[in-house]
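Everything below concerns the one structure shown next.
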Amino acid sequence: MSLPKEVHIQECCPRDGWQNHAEFIPTDVKIKYIRCMIDCGARELEVTSFVNPKVMPQMADAAAVFEAIKPYAAEKGCTLSTLALNKRGADDAVAAGSHMLSFVVSASEEHNLRNSRRTIQESMAQFKELASQQTGDVRIQLALPCVFGSPFGDEIPLERLDWIVEEAHSVGVEYFGLADTSGISTPTHTREVLRHMIGLVGADHICAHLHDTHGMGIANAFVALEEGVTHFDASLAAMGGCPFAPGAKGNIATEDLVNMCEKMGIHTGYNLEMLTQTARDMCEEIHAHLGGSMALACHG
């Protein structure tokens, strides 16, 4: 099976990477490193999430960070996206000027209850209401955590995915973020789920979001490439994790995904040397673990 010639890698460290970090990262430090990520080549960047700061204190400055980085992102041609769990968060994101919005509905009933305190049915109803109210200049993506498996052991039947896609299509939403939130999927299972979803929506409408808890994130990314997926999320220094998915590690490292793709002749638009240096600098400044193989290999 042939591999794509080019991929689009959305840098999600400012949202998924930092959300679990124990120390509050000062707003000016966040802005500095987001600018660095853009300088490294990010042309799609998940900059923050508009959520309750009592639940996720790291995102208390979401509006300030988004406002500060907008001019630089526009100058560099980088599209900023944001994440929301409910209508209030989505409204706040749109009010801040976000034109790319991911709304979260977990494929796991138990995870959805813990993550948003709603059933999947309730979250989907709110999502459909939200999506039907947006104007044409706001692109909505339905982010689906746990689509490759639940950390709580509840089943994720493929028929549920069929229903979710049908509901999303009914309000004109065509783009889907598929997340291995707990990093527990195997390459064979990842292929099975991807083939099913590609049959429903097409590979061009899928973004793969793969955590690395069991060390199979990059292998799962390779499977996604083989299946024709060209949009990925990744996190600088492999930072991240979900507060509602016990034991979950970060996303696959941006620098590792870029390294694999570039060495296979797949264009990413990123500068690998700058990525590894930025990962090291960031982790040192914010007192974070330097994850990812390339940053460690290049800097010892």
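Quick note on naming: the chains in the structure tokens go A, B, ... in the order shown, residues restart at 1 in each chain, and ligands are numbered from 1 in order of appearance.
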Using only C-alpha atoms, what table do you get, as JSON lines, when you list each residue of region 65-151 of chain A with an atom no more than 10 Å from region 4-13 of chain A, its nearest pair of atoms, and their distance in Å rounded to one decimal, rows by chain then rising number?
{"residue": "A:Cys78", "atom": "CA", "partner": "A:Gln10", "partner_atom": "CA", "distance": 9.9}
{"residue": "A:Thr79", "atom": "CA", "partner": "A:Gln10", "partner_atom": "CA", "distance": 9.2}
{"residue": "A:Leu80", "atom": "CA", "partner": "A:Gln10", "partner_atom": "CA", "distance": 9.4}
{"residue": "A:Ser81", "atom": "CA", "partner": "A:Cys12", "partner_atom": "CA", "distance": 9.2}
{"residue": "A:Thr82", "atom": "CA", "partner": "A:Cys12", "partner_atom": "CA", "distance": 9.7}
Show which residues sit within 12 Å of region 34-39 of chain A, as a ChimeraX atom specification. Count only C-alpha atoms, and ignore same-chain residues fewer than 6 positions away.
/A:9-15,17-18,27-28,45-48,65-66,68-80,234-237,254-255,269-279,281-282
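Taking CA of Arg88 (chain A) as the reference point, CA of Gly177 (chain A) is found at 20.7 Å.
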Near-His214 (chain A) list (10 Å; only C-alpha atoms; drop same-chain fewer than 5 positions) as a list in words
Ser182, Gly183, Ile184, Ser185, Thr186, Ala248 and Lys249 of chain A
Just the selected residues (C-alpha atoms), exported as a PDB file, in the first residue's frame, please.
ATOM      1  CA  SER A 182      -5.818   6.034  26.649  1.00  0.00           C
ATOM      2  CA  GLY A 183      -3.167   4.873  24.203  1.00  0.00           C
ATOM      3  CA  ILE A 184      -4.321   1.263  24.444  1.00  0.00           C
ATOM      4  CA  SER A 185      -5.038   0.411  20.811  1.00  0.00           C
ATOM      5  CA  THR A 186      -2.927  -2.061  18.847  1.00  0.00           C
ATOM      6  CA  ALA A 248      -2.939   7.992  29.978  1.00  0.00           C
ATOM      7  CA  LYS A 249       0.378   9.278  28.668  1.00  0.00           C
TER       8      LYS A 249
END
Enumerate as a PyMOL selection string all residues of region 63-162 of chain A assigned to strand (DSSP E or B) by DSSP on the backbone, naming them with the chain letters and numbers the document uses.
chain A and resi 79-84+100-104+139-144
Write the selection just made, keeping all heavy atoms, as a tab-separated table (two decimals), in the first residue's frame?
chain	number	residue	atom	x	y	z
A	79	THR	N	-3.28	28.21	11.14
A	79	THR	CA	-4.68	28.15	11.55
A	79	THR	C	-4.78	27.69	13.00
A	79	THR	O	-4.21	26.67	13.38
A	79	THR	CB	-5.47	27.17	10.66
A	79	THR	OG1	-5.39	27.61	9.31
A	79	THR	CG2	-6.93	27.11	11.08
A	80	LEU	N	-5.49	28.47	13.80
A	80	LEU	CA	-5.66	28.14	15.21
A	80	LEU	C	-6.99	27.44	15.44
A	80	LEU	O	-8.02	27.87	14.92
A	80	LEU	CB	-5.61	29.41	16.06
A	80	LEU	CG	-4.34	30.26	15.97
A	80	LEU	CD1	-4.49	31.51	16.84
A	80	LEU	CD2	-3.11	29.46	16.38
A	81	SER	N	-6.97	26.38	16.22
A	81	SER	CA	-8.21	25.71	16.59
A	81	SER	C	-8.33	25.67	18.10
A	81	SER	O	-7.34	25.83	18.83
A	81	SER	CB	-8.27	24.29	16.02
A	81	SER	OG	-7.32	23.46	16.64
A	82	THR	N	-9.54	25.49	18.58
A	82	THR	CA	-9.82	25.42	20.01
A	82	THR	C	-10.75	24.24	20.28
A	82	THR	O	-11.34	23.68	19.37
A	82	THR	CB	-10.46	26.72	20.53
A	82	THR	OG1	-11.64	26.98	19.75
A	82	THR	CG2	-9.52	27.90	20.40
A	83	LEU	N	-10.87	23.89	21.55
A	83	LEU	CA	-11.69	22.75	21.95
A	83	LEU	C	-12.72	23.19	22.97
A	83	LEU	O	-12.45	24.08	23.80
A	83	LEU	CB	-10.81	21.64	22.50
A	83	LEU	CG	-11.49	20.36	22.97
A	83	LEU	CD1	-10.62	19.15	22.62
A	83	LEU	CD2	-11.72	20.39	24.49
A	84	ALA	N	-13.90	22.57	22.91
A	84	ALA	CA	-14.95	22.86	23.88
A	84	ALA	C	-15.67	21.56	24.23
A	84	ALA	O	-15.76	20.64	23.42
A	84	ALA	CB	-15.93	23.88	23.33
A	100	MET	N	-11.96	27.54	13.99
A	100	MET	CA	-11.85	26.08	13.97
A	100	MET	C	-12.17	25.59	15.38
A	100	MET	O	-11.46	25.92	16.33
A	100	MET	CB	-10.44	25.65	13.58
A	100	MET	CG	-10.10	25.89	12.14
A	100	MET	SD	-10.67	24.53	11.10
A	100	MET	CE	-9.62	23.21	11.67
A	101	LEU	N	-13.22	24.83	15.51
A	101	LEU	CA	-13.68	24.41	16.83
A	101	LEU	C	-13.90	22.91	16.87
A	101	LEU	O	-14.60	22.35	16.03
A	101	LEU	CB	-14.99	25.13	17.18
A	101	LEU	CG	-15.67	24.74	18.49
A	101	LEU	CD1	-14.80	25.13	19.68
A	101	LEU	CD2	-17.03	25.43	18.59
A	102	SER	N	-13.26	22.25	17.85
A	102	SER	CA	-13.50	20.83	18.09
A	102	SER	C	-14.43	20.69	19.29
A	102	SER	O	-14.14	21.22	20.36
A	102	SER	CB	-12.19	20.09	18.38
A	102	SER	OG	-11.41	19.97	17.22
A	103	PHE	N	-15.53	19.99	19.09
A	103	PHE	CA	-16.49	19.73	20.16
A	103	PHE	C	-16.36	18.25	20.52
A	103	PHE	O	-16.34	17.39	19.64
A	103	PHE	CB	-17.91	20.05	19.71
A	103	PHE	CG	-18.91	20.02	20.83
A	103	PHE	CD1	-19.22	21.19	21.52
A	103	PHE	CD2	-19.55	18.84	21.20
A	103	PHE	CE1	-20.16	21.17	22.55
A	103	PHE	CE2	-20.46	18.82	22.24
A	103	PHE	CZ	-20.78	19.98	22.91
A	104	VAL	N	-16.27	17.96	21.81
A	104	VAL	CA	-15.93	16.61	22.27
A	104	VAL	C	-17.19	15.82	22.63
A	104	VAL	O	-17.99	16.26	23.45
A	104	VAL	CB	-14.99	16.68	23.49
A	104	VAL	CG1	-14.69	15.27	24.00
A	104	VAL	CG2	-13.69	17.38	23.11
A	139	ARG	N	-15.60	26.39	11.26
A	139	ARG	CA	-15.58	24.98	10.89
A	139	ARG	C	-15.62	24.14	12.16
A	139	ARG	O	-14.82	24.33	13.08
A	139	ARG	CB	-14.33	24.64	10.08
A	139	ARG	CG	-14.39	23.22	9.50
A	139	ARG	CD	-13.17	22.91	8.67
A	139	ARG	NE	-12.38	21.86	9.29
A	139	ARG	CZ	-11.30	21.32	8.74
A	139	ARG	NH1	-10.85	21.75	7.59
A	139	ARG	NH2	-10.64	20.37	9.36
A	140	ILE	N	-16.55	23.21	12.20
A	140	ILE	CA	-16.74	22.36	13.37
A	140	ILE	C	-16.18	20.97	13.09
A	140	ILE	O	-16.47	20.36	12.05
A	140	ILE	CB	-18.24	22.24	13.73
A	140	ILE	CG1	-18.88	23.61	13.92
A	140	ILE	CG2	-18.42	21.37	14.96
A	140	ILE	CD1	-18.48	24.32	15.16
A	141	GLN	N	-15.38	20.48	14.01
A	141	GLN	CA	-14.93	19.10	13.98
A	141	GLN	C	-15.50	18.39	15.20
A	141	GLN	O	-15.49	18.93	16.30
A	141	GLN	CB	-13.41	19.01	14.00
A	141	GLN	CG	-12.89	17.58	14.12
A	141	GLN	CD	-11.38	17.49	14.19
A	141	GLN	OE1	-10.72	17.30	13.18
A	141	GLN	NE2	-10.82	17.63	15.37
A	142	LEU	N	-15.99	17.18	15.00
A	142	LEU	CA	-16.44	16.37	16.13
A	142	LEU	C	-15.27	15.51	16.59
A	142	LEU	O	-14.79	14.65	15.86
A	142	LEU	CB	-17.63	15.50	15.72
A	142	LEU	CG	-18.19	14.60	16.82
A	142	LEU	CD1	-18.61	15.40	18.05
A	142	LEU	CD2	-19.37	13.79	16.30
A	143	ALA	N	-14.78	15.81	17.79
A	143	ALA	CA	-13.68	15.04	18.36
A	143	ALA	C	-14.24	13.86	19.14
A	143	ALA	O	-15.11	14.04	20.01
A	143	ALA	CB	-12.84	15.93	19.28
A	144	LEU	N	-13.73	12.68	18.85
A	144	LEU	CA	-14.26	11.45	19.44
A	144	LEU	C	-13.19	10.76	20.28
A	144	LEU	O	-12.43	9.91	19.79
A	144	LEU	CB	-14.74	10.50	18.35
A	144	LEU	CG	-15.91	10.98	17.49
A	144	LEU	CD1	-16.18	10.00	16.36
A	144	LEU	CD2	-17.16	11.17	18.34
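Distance-wise, CA of Pro57 (chain A) and CA of Leu290 (chain A) end up 22.1 Å apart.
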Among region 95-165 of chain A, which ones does DSSP place in alpha helix (DSSP H), written as JSON, numbers by chain?
{"A": [95, 96, 109, 110, 111, 112, 113, 114, 115, 116, 120, 121, 122, 123, 124, 125, 126, 127, 128, 129, 130, 131, 132, 133, 158, 159, 160, 161, 162, 163, 164, 165]}
Would you mind exporting N, CA, C and O atoms of the selected residues as a CSV table (one decimal), in the first residue's frame?
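Full text of selection28.csv as output:
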chain,number,residue,atom,x,y,z
A,95,ALA,N,-16.6,33.6,20.3
A,95,ALA,CA,-16.5,35.0,20.7
A,95,ALA,C,-15.1,35.5,20.7
A,95,ALA,O,-14.8,36.7,20.4
A,96,ALA,N,-14.1,34.6,21.0
A,96,ALA,CA,-12.7,35.0,21.0
A,96,ALA,C,-12.2,35.1,19.6
A,96,ALA,O,-11.1,35.6,19.4
A,109,GLU,N,-19.2,5.6,26.8
A,109,GLU,CA,-20.3,6.2,27.7
A,109,GLU,C,-19.7,6.6,29.0
A,109,GLU,O,-20.0,7.7,29.5
A,110,GLU,N,-18.9,5.7,29.6
A,110,GLU,CA,-18.3,6.0,30.9
A,110,GLU,C,-17.3,7.2,30.9
A,110,GLU,O,-17.4,8.1,31.7
A,111,HIS,N,-16.5,7.3,29.8
A,111,HIS,CA,-15.6,8.4,29.7
A,111,HIS,C,-16.3,9.7,29.5
A,111,HIS,O,-16.0,10.7,30.0
A,112,ASN,N,-17.4,9.6,28.7
A,112,ASN,CA,-18.2,10.8,28.4
A,112,ASN,C,-18.8,11.4,29.7
A,112,ASN,O,-18.9,12.6,29.9
A,113,LEU,N,-19.3,10.5,30.5
A,113,LEU,CA,-19.9,10.9,31.8
A,113,LEU,C,-18.9,11.6,32.7
A,113,LEU,O,-19.2,12.6,33.3
A,114,ARG,N,-17.7,11.0,32.7
A,114,ARG,CA,-16.6,11.6,33.5
A,114,ARG,C,-16.1,12.9,32.9
A,114,ARG,O,-15.7,13.8,33.7
A,115,ASN,N,-16.0,13.0,31.6
A,115,ASN,CA,-15.4,14.1,30.9
A,115,ASN,C,-16.3,15.3,30.9
A,115,ASN,O,-15.9,16.4,31.0
A,116,SER,N,-17.6,15.0,30.6
A,116,SER,CA,-18.5,16.2,30.4
A,116,SER,C,-19.8,16.1,31.3
A,116,SER,O,-20.6,17.0,31.2
A,120,ILE,N,-23.8,10.1,26.3
A,120,ILE,CA,-23.4,10.4,24.8
A,120,ILE,C,-24.6,11.0,24.1
A,120,ILE,O,-24.5,11.9,23.3
A,121,GLN,N,-25.8,10.5,24.4
A,121,GLN,CA,-27.0,11.0,23.8
A,121,GLN,C,-27.2,12.5,24.1
A,121,GLN,O,-27.5,13.3,23.2
A,122,GLU,N,-27.0,12.9,25.4
A,122,GLU,CA,-27.1,14.3,25.8
A,122,GLU,C,-26.0,15.2,25.1
A,122,GLU,O,-26.3,16.3,24.7
A,123,SER,N,-24.8,14.7,25.1
A,123,SER,CA,-23.7,15.4,24.4
A,123,SER,C,-24.0,15.6,22.9
A,123,SER,O,-23.8,16.7,22.4
A,124,MET,N,-24.5,14.6,22.3
A,124,MET,CA,-24.8,14.7,20.9
A,124,MET,C,-25.9,15.7,20.6
A,124,MET,O,-25.9,16.4,19.6
A,125,ALA,N,-26.9,15.7,21.5
A,125,ALA,CA,-28.0,16.6,21.3
A,125,ALA,C,-27.5,18.1,21.4
A,125,ALA,O,-27.8,18.9,20.6
A,126,GLN,N,-26.6,18.3,22.4
A,126,GLN,CA,-26.0,19.6,22.5
A,126,GLN,C,-25.1,20.0,21.3
A,126,GLN,O,-25.1,21.1,20.8
A,127,PHE,N,-24.3,19.0,20.9
A,127,PHE,CA,-23.5,19.2,19.7
A,127,PHE,C,-24.3,19.6,18.5
A,127,PHE,O,-23.9,20.5,17.7
A,128,LYS,N,-25.4,18.9,18.2
A,128,LYS,CA,-26.2,19.1,17.0
A,128,LYS,C,-26.8,20.5,17.1
A,128,LYS,O,-26.8,21.3,16.1
A,129,GLU,N,-27.2,20.9,18.3
A,129,GLU,CA,-27.8,22.3,18.5
A,129,GLU,C,-26.7,23.3,18.2
A,129,GLU,O,-27.0,24.3,17.5
A,130,LEU,N,-25.5,23.1,18.7
A,130,LEU,CA,-24.4,24.0,18.5
A,130,LEU,C,-24.0,24.1,17.1
A,130,LEU,O,-23.9,25.2,16.5
A,131,ALA,N,-23.9,23.0,16.4
A,131,ALA,CA,-23.4,23.0,15.0
A,131,ALA,C,-24.4,23.6,14.1
A,131,ALA,O,-24.0,24.3,13.2
A,132,SER,N,-25.7,23.4,14.4
A,132,SER,CA,-26.7,24.0,13.5
A,132,SER,C,-26.8,25.5,13.6
A,132,SER,O,-27.4,26.2,12.7
A,133,GLN,N,-26.3,26.1,14.7
A,133,GLN,CA,-26.3,27.5,14.9
A,133,GLN,C,-25.1,28.3,14.4
A,133,GLN,O,-25.1,29.5,14.3
A,158,LEU,N,-19.0,-0.7,16.9
A,158,LEU,CA,-18.9,0.0,15.6
A,158,LEU,C,-20.3,0.6,15.3
A,158,LEU,O,-20.3,1.7,14.6
A,159,GLU,N,-21.4,0.0,15.7
A,159,GLU,CA,-22.7,0.5,15.4
A,159,GLU,C,-22.9,1.9,16.0
A,159,GLU,O,-23.6,2.8,15.5
A,160,ARG,N,-22.3,2.1,17.2
A,160,ARG,CA,-22.3,3.4,17.8
A,160,ARG,C,-21.6,4.5,17.0
A,160,ARG,O,-22.1,5.6,16.9
A,161,LEU,N,-20.5,4.1,16.4
A,161,LEU,CA,-19.8,5.0,15.5
A,161,LEU,C,-20.7,5.4,14.3
A,161,LEU,O,-20.7,6.5,13.8
A,162,ASP,N,-21.4,4.4,13.8
A,162,ASP,CA,-22.3,4.6,12.6
A,162,ASP,C,-23.3,5.7,13.0
A,162,ASP,O,-23.6,6.6,12.3
A,163,TRP,N,-23.9,5.6,14.2
A,163,TRP,CA,-24.9,6.5,14.7
A,163,TRP,C,-24.3,7.9,14.9
A,163,TRP,O,-24.9,8.9,14.5
A,164,ILE,N,-23.2,8.0,15.5
A,164,ILE,CA,-22.5,9.3,15.8
A,164,ILE,C,-22.3,10.0,14.4
A,164,ILE,O,-22.6,11.2,14.3
A,165,VAL,N,-21.7,9.3,13.5
A,165,VAL,CA,-21.4,9.9,12.2
A,165,VAL,C,-22.7,10.4,11.5
A,165,VAL,O,-22.8,11.5,10.9
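Here the question is which of A:Glu284, A:Asp92, A:Asp16, A:Glu67 gets nearest to Phe50 (chain A) using only C-alpha atoms, and that residue is A:Asp92.
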Take CA of Ser106 (chain A) and CA of His209 (chain A) and report the distance between them in Å, one decimal.
13.1 Å
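Nearest to Gln134 (chain A) of all the residues A:Glu167, A:Ala90, A:Lys32, A:Asp154 is A:Ala90, counting only C-alpha atoms.
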